Each structure stands twice: as C-alpha cells, then as structure tokens.
There are 2 protein chains.
Amino acid sequence: MADLTVIGIDPGSRFTGWGIVREASGVLSLVDCGLVHSEGQKNKCFSARLARIYSGLNAVLGSHNPDEAAMEQVFTAKNAASALKLGQARGVAVAACAAHGLDVSDYEPRLVKNSLTGVGSADKEQVAFMVRRMLNLGQQRLALDTTDALAVAICHLGRRRLARLAAKVS
Amino acid sequence: MADLTVIGIDPGSRFTGWGIVREASGVLSLVDCGLVHSEGQKNKCFSARLARIYSGLNAVLGSHNPDEAAMEQVFTAKNAASALKLGQARGVAVAACAAHGLDVSDYEPRLVKNSLTGVGSADKEQVAFMVRRMLNLGQQRLALDTTDALAVAICHLGRRRLARLAAKVS
C-alpha cells in the first residue's frame with residue numbers, strides 16, 4: 001500500500017490552521033502543522049488579509065507537496081457578517097489547493113468529530129486529545145485550530161482506508 | 001501617462017462575472033469580459049464548484065495579465081447560508097488574483113454605483129447602461145454579473161486617475 005500524505009485545513013479570517021499527516025503501512029504520523037496568521041492588518045482592506053492566507057497556505061503546499069487535501073464543510077455561522085468572513089477564508093484555502101492541483105474533500109463537522117472520538121458532538125478539546133493520541137504527540141501543545149486541521153486530515157485518511165478495504169472485498 | 005489595465009470581478013457561487021478595462025491616454029476601452037460558470041456540479045461537493053471558479057479566473061488572468069484588480073466589498077447577505085456561499089466564491093477570486101501577484105482593491109457597492117451613475121442606490125440595469133455607454137458598447141447585450149464586474153474596474157480606474165491628479169497638484 002502506497003504512502004499517502006494529506007493536508008487538513010481549518011480556515012478562519014484571523015487564524016487558519018493546517019496540519020499534514022502521513023499514513024505509511026497503516027501507521028499515522030505528523031509531518032508538520034501550524035497556523036497562518038492573517039490578523040493585524042487592520043489598516044488594510046479585507047482582501048489583503050485573504051491574500052495573506054493564500055500566500056501562507058501556498059508556501060505550506062509548495063514545501064510539503066501533499067497528495068490530497070481535506071476540509072470541513074461549513075453550513076452555519078453566527079450571522080451573515082461572520083459567515084462572509086469565514087466563507088472568504090475558506091474560499092481562499094480551496095483556491096490555494098486548486099492552485100497545487102489538489103481537489104478538496106469536504107467533510108461534515110459531525111463526521112470528523114465522530115470518526116476521531118466516536119461522538120459527533122465532541123468539543124474541540126476532546127478532538128485535540130484524540131489527535132495527540134493518534135499521532136503520538138504526547139503532551140505537545142498545539143493550537144485548537146491546528147488540531148482541528150489535523151483531525152480532518154486523519155478523518156480523510158480513515159475514509160480512504162475504508163474505501164480501499166471496500167474495493168478489495170468487492 | 002502609462003496605460004493601465006484593470007480586471008474587475010463580481011464573484012458568485014453560480015456565476016462569476018469578470019471584465020477587463022484598459023485606460024490609454026484617458027480613454028477607456030473594453031479588453032474582454034465574460035462569466036465563469038460554476039453551477040451544474042450538483043453531484044460534486046461545493047469545493048469542486050469553487051475549484052472551477054479558481055481555474056476559470058486563473059485562465060483569464062493568465063491570458064490577459066491585467067495590471068491591477070478590483071472587487072466590490074460585501075458586507076451583507078440574505079442569510080448566513082448564502083453569505084457562506086458568496087464569501088467562499090469571493091475568497092477564491094481574491095486568491096486567484098494573489099496567485100498572479102495582484103492585490104485586490106475593495107470598493108463599497110454604493111461607491112461603485114455612485115462613481116458610474118451619480119446615484120449610490122442605482123440598480124443593476126442603470127449601472128449596465130452606464131458601463132455600455134462609457135465603453136462604447138452600443139446595444140451589445142452582456143450579463144449583469146459581467147457589467148457589474150466592468151463597473152468596479154471602471155470605478156477603480158477613476159479612483160486611480162483622481163489619485164494621479166491629486167499627486168500632481170500637491
């Protein structure tokens with residue numbers, strides 16, 4: 001079975017978490033992860049903040065060259081104004097992936113939480129706990145935007161594993 | 001005074017209008033314009049539609065190589081769900097510009113309408129009428145998403161002209 005390297009992205013208008021996970025011979029490992037900061041551009045227009053997200057993700061994708069990309073689908077937001085900001089950040093992330101020839105697999109947030117913790121309504125701390133455990137990160141502290149990004153990458157790898165098993169059986 | 005070529009973009013989750021306007025010796029002319037269609041992907045996830053917007057705009061930017069880019073800023077939407085869709089389309093458009101080294105200048109919708117028609121609350125048909133007149137397009141029919149895109153490009157060129165004049169005076 002070939003190795004598979006997946007980037008998970010958790011976009012936000014202030015911080016965009018990203019995490020790259022490799023599965024080799026059925027074993028998951030952390031390749032790299034981090035946050036793209038796009039706040040602190042208060043005097044600049046919002047498009048300048050978005051461009052910063054793009055250049056940050058572009059650099060990550062260029063240096064790690066993942067095989068596939070995954071992101072949570074977003075259906076709701078507090079209000080239309082925050083939905084517009086979040087939506088734009090997410091659009092930038094999808095475009096950054098498209099620029100590197102990567103299709104993005106969308107996952108419902110409940111599915112991601114369920115696949116990691118067994119509970120669709122798990123909170124971010126519970127998801128972070130499972131991410132640290134599945135990637136053997138010990139007590140290493142990571143931002144919750146980063147663990148959310150790693151979670152969707154791990155969820156995607158799990159789905160791909162199931163798909164391969166299903167293909168073998170049929 | 002050097003020529004200046006500007007792309008205006010009017011992003012949407014189904015249709016993204018784009019229009020490229022050149023100003024040479026104070027005279028405006030249409031370079032090219034069109035629509036990127038991203039609907040008709042119902043069986044695909046939303047990210048696939050966004051990737052289509054990216055590849056469409058990427059092709060336009062690559063073939064025309066405009067000097068600058070302009071887009072309407074969006075502050076409101078009918079509801080959070082449509083804001084998320086619109087926001088993502090807009091984020092993709094900003095990222096496509098960033099990928100071509102273009103900063104995007106944001107303009108308030110009222111300012112764009114006002115700079116073309118003299119009325120901040122003008123409707124799309126009135127804006128389209130002025131776009132056709134300013135670019136000498138006669139009765140040529142264009143989609144309203146396209147004329148909106150041309151309008152923001154024309155607005156941006158007007159602002160740049162004013163800035164140059166102000167710099168000369170001071």
# chains A, B, ... in the order shown; residues from 1 in each chain; ligands from 1
call {"tool": "closest_atom_pairs", "arguments": {"of": "chain A", "to": "chain B", "cutoff": "8 Å", "atoms": "only C-alpha atoms", "output": "CSV"}}
result
residue,atom,partner,partner_atom,distance
A:Cys45,CA,B:Asp106,CA,6.7
A:Phe46,CA,B:Asp106,CA,7.9
A:Ser47,CA,B:Val104,CA,6.1
A:Ala48,CA,B:Asp103,CA,7.0
A:Leu50,CA,B:Gly91,CA,6.9
A:Ala51,CA,B:Ala98,CA,5.7
A:Tyr54,CA,B:Ala95,CA,5.9
A:Ser55,CA,B:Ala98,CA,7.6
A:Val74,CA,B:Leu84,CA,7.7
A:Phe75,CA,B:Ala81,CA,6.4
A:Thr76,CA,B:Ala81,CA,6.3
A:Ala77,CA,B:Ala80,CA,6.1
A:Lys78,CA,B:Ala80,CA,7.5
A:Asn79,CA,B:Ala80,CA,5.4
A:Ala80,CA,B:Ala80,CA,4.1
A:Ala81,CA,B:Thr76,CA,6.3
A:Ala83,CA,B:Leu84,CA,4.9
A:Leu84,CA,B:Gly87,CA,4.5
A:Lys85,CA,B:Gly87,CA,6.6
A:Leu86,CA,B:Leu84,CA,7.1
A:Gly87,CA,B:Gly87,CA,4.2
A:Gln88,CA,B:Gly91,CA,3.9
A:Ala89,CA,B:Gly91,CA,5.9
A:Arg90,CA,B:Gln88,CA,5.8
A:Gly91,CA,B:Gln88,CA,3.9
A:Val92,CA,B:Gly91,CA,4.6
A:Ala93,CA,B:Val92,CA,7.9
A:Val94,CA,B:Ser47,CA,6.4
A:Ala95,CA,B:Val92,CA,5.3
A:Ala96,CA,B:Ala95,CA,7.0
A:Ala98,CA,B:Ala51,CA,5.7
A:Ala99,CA,B:Tyr54,CA,7.9
A:Asp103,CA,B:Ala48,CA,7.0
A:Val104,CA,B:Ser47,CA,6.1
A:Ser105,CA,B:Ser47,CA,7.4
A:Asp106,CA,B:Cys45,CA,6.7
call {"tool": "select_by_dssp", "arguments": {"residues": "range 50-99 of chain A", "states": "strand (DSSP E)", "output": "list in words"}}
result
Glu68, Ala69, Ala70, Met71 and Glu72 of chain A
call {"tool": "residues_around", "arguments": {"residues": "range 119-132 of chain B", "least_positions_apart": "2", "cutoff": "9 Å", "atoms": "only C-alpha atoms", "output": "count of residues only"}}
result
27
call {"tool": "select_by_dssp", "arguments": {"residues": "range 3-123 of chain A", "states": "alpha helix (DSSP H)", "output": "PyMOL selection string"}}
result
chain A and resi 46-64+80-99+109-117
call {"tool": "write_last_selection", "arguments": {"atoms": "N, CA and C atoms", "output": "compact mmCIF listing (two decimals), in the first residue's frame"}}
result
# COMPACT_ATOMS: atom_id res chain seq x y z
N PHE A 46 -9.89 43.96 3.67
CA PHE A 46 -10.04 42.54 3.99
C PHE A 46 -9.36 41.65 2.96
N SER A 47 -9.37 42.08 1.70
CA SER A 47 -8.72 41.29 0.65
C SER A 47 -7.24 41.09 0.94
N ALA A 48 -6.61 42.07 1.60
CA ALA A 48 -5.18 41.93 1.93
C ALA A 48 -4.99 40.82 2.96
N ARG A 49 -5.94 40.70 3.90
CA ARG A 49 -5.87 39.60 4.87
C ARG A 49 -6.04 38.26 4.17
N LEU A 50 -6.95 38.22 3.21
CA LEU A 50 -7.18 36.99 2.46
C LEU A 50 -5.94 36.61 1.66
N ALA A 51 -5.30 37.62 1.09
CA ALA A 51 -4.09 37.35 0.29
C ALA A 51 -3.00 36.76 1.18
N ARG A 52 -2.98 37.17 2.45
CA ARG A 52 -2.00 36.63 3.40
C ARG A 52 -2.29 35.14 3.67
N ILE A 53 -3.56 34.80 3.78
CA ILE A 53 -3.92 33.38 3.95
C ILE A 53 -3.44 32.59 2.74
N TYR A 54 -3.68 33.17 1.56
CA TYR A 54 -3.28 32.49 0.33
C TYR A 54 -1.77 32.25 0.30
N SER A 55 -0.99 33.30 0.58
CA SER A 55 0.46 33.14 0.46
C SER A 55 0.98 32.17 1.53
N GLY A 56 0.37 32.20 2.72
CA GLY A 56 0.79 31.26 3.77
C GLY A 56 0.53 29.82 3.37
N LEU A 57 -0.68 29.53 2.91
CA LEU A 57 -1.02 28.16 2.52
C LEU A 57 -0.23 27.73 1.29
N ASN A 58 -0.03 28.68 0.38
CA ASN A 58 0.73 28.40 -0.83
C ASN A 58 2.15 27.93 -0.47
N ALA A 59 2.75 28.59 0.51
CA ALA A 59 4.11 28.22 0.93
C ALA A 59 4.10 26.82 1.55
N VAL A 60 3.09 26.53 2.38
CA VAL A 60 3.00 25.22 3.02
C VAL A 60 2.82 24.12 1.96
N LEU A 61 1.91 24.36 1.02
CA LEU A 61 1.63 23.36 -0.02
C LEU A 61 2.86 23.15 -0.90
N GLY A 62 3.54 24.25 -1.19
CA GLY A 62 4.74 24.16 -2.04
C GLY A 62 5.86 23.39 -1.37
N SER A 63 6.02 23.55 -0.06
CA SER A 63 7.16 22.89 0.57
C SER A 63 6.85 21.43 0.95
N HIS A 64 5.57 21.10 1.18
CA HIS A 64 5.26 19.73 1.60
C HIS A 64 4.64 18.86 0.50
N ALA A 80 -24.71 36.60 9.28
CA ALA A 80 -24.28 36.75 7.89
C ALA A 80 -22.90 37.40 7.79
N ALA A 81 -22.61 38.34 8.69
CA ALA A 81 -21.31 39.02 8.63
C ALA A 81 -20.16 38.06 8.91
N SER A 82 -20.30 37.22 9.94
CA SER A 82 -19.21 36.29 10.23
C SER A 82 -19.16 35.19 9.18
N ALA A 83 -20.32 34.85 8.61
CA ALA A 83 -20.35 33.84 7.54
C ALA A 83 -19.58 34.35 6.31
N LEU A 84 -19.71 35.63 6.02
CA LEU A 84 -18.99 36.21 4.88
C LEU A 84 -17.48 36.13 5.09
N LYS A 85 -17.05 36.45 6.32
CA LYS A 85 -15.61 36.40 6.61
C LYS A 85 -15.09 34.97 6.55
N LEU A 86 -15.80 34.08 7.24
CA LEU A 86 -15.38 32.68 7.27
C LEU A 86 -15.41 32.08 5.86
N GLY A 87 -16.47 32.40 5.12
CA GLY A 87 -16.61 31.89 3.76
C GLY A 87 -15.43 32.32 2.89
N GLN A 88 -15.05 33.58 2.99
CA GLN A 88 -13.95 34.07 2.16
C GLN A 88 -12.64 33.36 2.50
N ALA A 89 -12.41 33.16 3.80
CA ALA A 89 -11.19 32.44 4.21
C ALA A 89 -11.20 31.02 3.65
N ARG A 90 -12.37 30.37 3.70
CA ARG A 90 -12.48 29.00 3.20
C ARG A 90 -12.27 28.96 1.68
N GLY A 91 -12.82 29.94 0.99
CA GLY A 91 -12.64 30.01 -0.46
C GLY A 91 -11.18 30.15 -0.83
N VAL A 92 -10.46 30.96 -0.08
CA VAL A 92 -9.03 31.14 -0.33
C VAL A 92 -8.30 29.80 -0.16
N ALA A 93 -8.67 29.06 0.89
CA ALA A 93 -7.99 27.79 1.15
C ALA A 93 -8.26 26.78 0.02
N VAL A 94 -9.51 26.74 -0.47
CA VAL A 94 -9.82 25.83 -1.58
C VAL A 94 -9.04 26.23 -2.83
N ALA A 95 -8.94 27.54 -3.05
CA ALA A 95 -8.21 28.02 -4.24
C ALA A 95 -6.72 27.70 -4.13
N ALA A 96 -6.16 27.83 -2.92
CA ALA A 96 -4.74 27.51 -2.74
C ALA A 96 -4.50 26.04 -3.09
N CYS A 97 -5.43 25.18 -2.67
CA CYS A 97 -5.31 23.76 -3.01
C CYS A 97 -5.45 23.55 -4.52
N ALA A 98 -6.43 24.22 -5.12
CA ALA A 98 -6.64 24.09 -6.57
C ALA A 98 -5.38 24.52 -7.33
N ALA A 99 -4.72 25.55 -6.81
CA ALA A 99 -3.50 26.05 -7.48
C ALA A 99 -2.39 25.00 -7.46
N PRO A 109 -18.67 18.53 9.82
CA PRO A 109 -18.01 18.62 11.13
C PRO A 109 -18.36 17.44 12.06
N ARG A 110 -19.63 17.03 12.05
CA ARG A 110 -20.05 15.92 12.92
C ARG A 110 -19.34 14.62 12.55
N LEU A 111 -19.13 14.43 11.25
CA LEU A 111 -18.47 13.21 10.78
C LEU A 111 -17.02 13.18 11.24
N VAL A 112 -16.36 14.34 11.16
CA VAL A 112 -14.95 14.43 11.58
C VAL A 112 -14.85 14.10 13.07
N LYS A 113 -15.70 14.74 13.87
CA LYS A 113 -15.66 14.51 15.32
C LYS A 113 -15.96 13.05 15.64
N ASN A 114 -16.95 12.51 14.94
CA ASN A 114 -17.35 11.14 15.20
C ASN A 114 -16.24 10.16 14.82
N SER A 115 -15.57 10.41 13.72
CA SER A 115 -14.55 9.45 13.27
C SER A 115 -13.35 9.44 14.21
N LEU A 116 -13.12 10.55 14.92
CA LEU A 116 -11.98 10.59 15.84
C LEU A 116 -12.35 10.16 17.26
N THR A 117 -13.52 10.62 17.71
CA THR A 117 -13.83 10.42 19.13
C THR A 117 -14.98 9.43 19.34
call {"tool": "decode", "arguments": {"residues": "range 102-136 of chain B", "atoms": "N, CA, C and O atoms", "output": "compact mmCIF listing (two decimals), in the first residue's frame"}}
result
# COMPACT_ATOMS: atom_id res chain seq x y z
N LEU B 102 -1.45 39.94 -7.86
CA LEU B 102 -2.30 41.13 -7.87
C LEU B 102 -2.95 41.35 -6.51
O LEU B 102 -3.63 40.47 -6.00
N ASP B 103 -2.74 42.54 -5.93
CA ASP B 103 -3.54 42.95 -4.78
C ASP B 103 -4.92 43.30 -5.30
O ASP B 103 -5.06 43.78 -6.42
N VAL B 104 -5.92 43.08 -4.47
CA VAL B 104 -7.28 43.45 -4.86
C VAL B 104 -7.70 44.71 -4.11
O VAL B 104 -7.60 44.77 -2.89
N SER B 105 -8.14 45.72 -4.85
CA SER B 105 -8.70 46.90 -4.20
C SER B 105 -10.18 46.66 -3.98
O SER B 105 -10.90 46.27 -4.90
N ASP B 106 -10.63 46.87 -2.74
CA ASP B 106 -12.04 46.67 -2.38
C ASP B 106 -12.80 47.98 -2.48
O ASP B 106 -12.32 49.01 -2.02
N TYR B 107 -13.98 47.93 -3.04
CA TYR B 107 -14.83 49.13 -3.09
C TYR B 107 -16.22 48.81 -2.55
O TYR B 107 -16.77 47.74 -2.83
N GLU B 108 -16.75 49.76 -1.81
CA GLU B 108 -18.13 49.59 -1.33
C GLU B 108 -19.08 49.66 -2.52
O GLU B 108 -18.92 50.52 -3.40
N PRO B 109 -20.10 48.80 -2.54
CA PRO B 109 -21.04 48.78 -3.66
C PRO B 109 -21.64 50.17 -3.96
O PRO B 109 -21.76 50.55 -5.13
N ARG B 110 -21.96 50.92 -2.91
CA ARG B 110 -22.55 52.26 -3.13
C ARG B 110 -21.59 53.18 -3.86
O ARG B 110 -21.99 53.99 -4.69
N LEU B 111 -20.30 53.05 -3.53
CA LEU B 111 -19.29 53.90 -4.17
C LEU B 111 -19.17 53.58 -5.65
O LEU B 111 -19.05 54.48 -6.50
N VAL B 112 -19.22 52.28 -5.97
CA VAL B 112 -19.12 51.86 -7.38
C VAL B 112 -20.30 52.43 -8.17
O VAL B 112 -20.12 53.05 -9.23
N LYS B 113 -21.51 52.25 -7.61
CA LYS B 113 -22.71 52.73 -8.30
C LYS B 113 -22.66 54.25 -8.45
O LYS B 113 -22.98 54.79 -9.51
N ASN B 114 -22.24 54.90 -7.40
CA ASN B 114 -22.19 56.35 -7.41
C ASN B 114 -21.17 56.86 -8.44
O ASN B 114 -21.43 57.83 -9.15
N SER B 115 -20.03 56.20 -8.52
CA SER B 115 -18.99 56.71 -9.42
C SER B 115 -19.40 56.54 -10.88
O SER B 115 -18.94 57.28 -11.75
N LEU B 116 -20.29 55.58 -11.16
CA LEU B 116 -20.71 55.40 -12.55
C LEU B 116 -21.97 56.18 -12.90
O LEU B 116 -22.06 56.75 -13.98
N THR B 117 -22.93 56.18 -11.98
CA THR B 117 -24.24 56.76 -12.32
C THR B 117 -24.54 58.06 -11.58
O THR B 117 -25.51 58.75 -11.91
N GLY B 118 -23.72 58.36 -10.55
CA GLY B 118 -24.02 59.54 -9.73
C GLY B 118 -25.03 59.25 -8.64
O GLY B 118 -25.36 60.13 -7.84
N VAL B 119 -25.50 58.00 -8.58
CA VAL B 119 -26.50 57.61 -7.58
C VAL B 119 -26.04 56.32 -6.89
O VAL B 119 -25.83 55.30 -7.55
N GLY B 120 -25.87 56.40 -5.57
CA GLY B 120 -25.37 55.24 -4.82
C GLY B 120 -26.34 54.09 -4.75
O GLY B 120 -25.95 52.95 -4.48
N SER B 121 -27.62 54.39 -5.02
CA SER B 121 -28.63 53.32 -4.93
C SER B 121 -29.09 52.86 -6.32
O SER B 121 -30.14 52.24 -6.44
N ALA B 122 -28.30 53.17 -7.35
CA ALA B 122 -28.69 52.78 -8.71
C ALA B 122 -28.88 51.27 -8.81
O ALA B 122 -28.20 50.51 -8.11
N ASP B 123 -29.79 50.83 -9.70
CA ASP B 123 -29.96 49.38 -9.84
C ASP B 123 -29.01 48.84 -10.92
O ASP B 123 -28.31 49.60 -11.59
N LYS B 124 -28.99 47.51 -11.05
CA LYS B 124 -28.02 46.87 -11.95
C LYS B 124 -28.20 47.31 -13.40
O LYS B 124 -27.22 47.43 -14.15
N GLU B 125 -29.45 47.53 -13.82
CA GLU B 125 -29.71 47.94 -15.20
C GLU B 125 -29.13 49.33 -15.48
O GLU B 125 -28.59 49.58 -16.55
N GLN B 126 -29.27 50.23 -14.49
CA GLN B 126 -28.72 51.57 -14.66
C GLN B 126 -27.19 51.52 -14.74
O GLN B 126 -26.58 52.22 -15.56
N VAL B 127 -26.60 50.68 -13.90
CA VAL B 127 -25.14 50.51 -13.93
C VAL B 127 -24.73 49.95 -15.30
O VAL B 127 -23.78 50.44 -15.93
N ALA B 128 -25.47 48.94 -15.77
CA ALA B 128 -25.16 48.31 -17.06
C ALA B 128 -25.26 49.34 -18.19
O ALA B 128 -24.42 49.36 -19.11
N PHE B 129 -26.26 50.21 -18.13
CA PHE B 129 -26.44 51.26 -19.14
C PHE B 129 -25.19 52.15 -19.21
O PHE B 129 -24.66 52.43 -20.28
N MET B 130 -24.71 52.57 -18.02
CA MET B 130 -23.54 53.45 -17.99
C MET B 130 -22.27 52.73 -18.44
O MET B 130 -21.42 53.31 -19.09
N VAL B 131 -22.16 51.45 -18.07
CA VAL B 131 -20.99 50.67 -18.50
C VAL B 131 -20.95 50.61 -20.03
O VAL B 131 -19.92 50.87 -20.66
N ARG B 132 -22.10 50.29 -20.65
CA ARG B 132 -22.15 50.21 -22.12
C ARG B 132 -21.80 51.55 -22.75
O ARG B 132 -21.11 51.61 -23.76
N ARG B 133 -22.27 52.62 -22.12
CA ARG B 133 -22.02 53.96 -22.66
C ARG B 133 -20.54 54.35 -22.52
O ARG B 133 -19.93 54.82 -23.48
N MET B 134 -19.98 54.11 -21.34
CA MET B 134 -18.59 54.52 -21.09
C MET B 134 -17.59 53.71 -21.90
O MET B 134 -16.49 54.18 -22.20
N LEU B 135 -17.98 52.48 -22.25
CA LEU B 135 -17.06 51.64 -23.03
C LEU B 135 -17.47 51.56 -24.51
O LEU B 135 -16.91 50.76 -25.27
N ASN B 136 -18.45 52.39 -24.89
CA ASN B 136 -18.91 52.41 -26.28
C ASN B 136 -19.31 51.04 -26.79
O ASN B 136 -18.86 50.61 -27.87
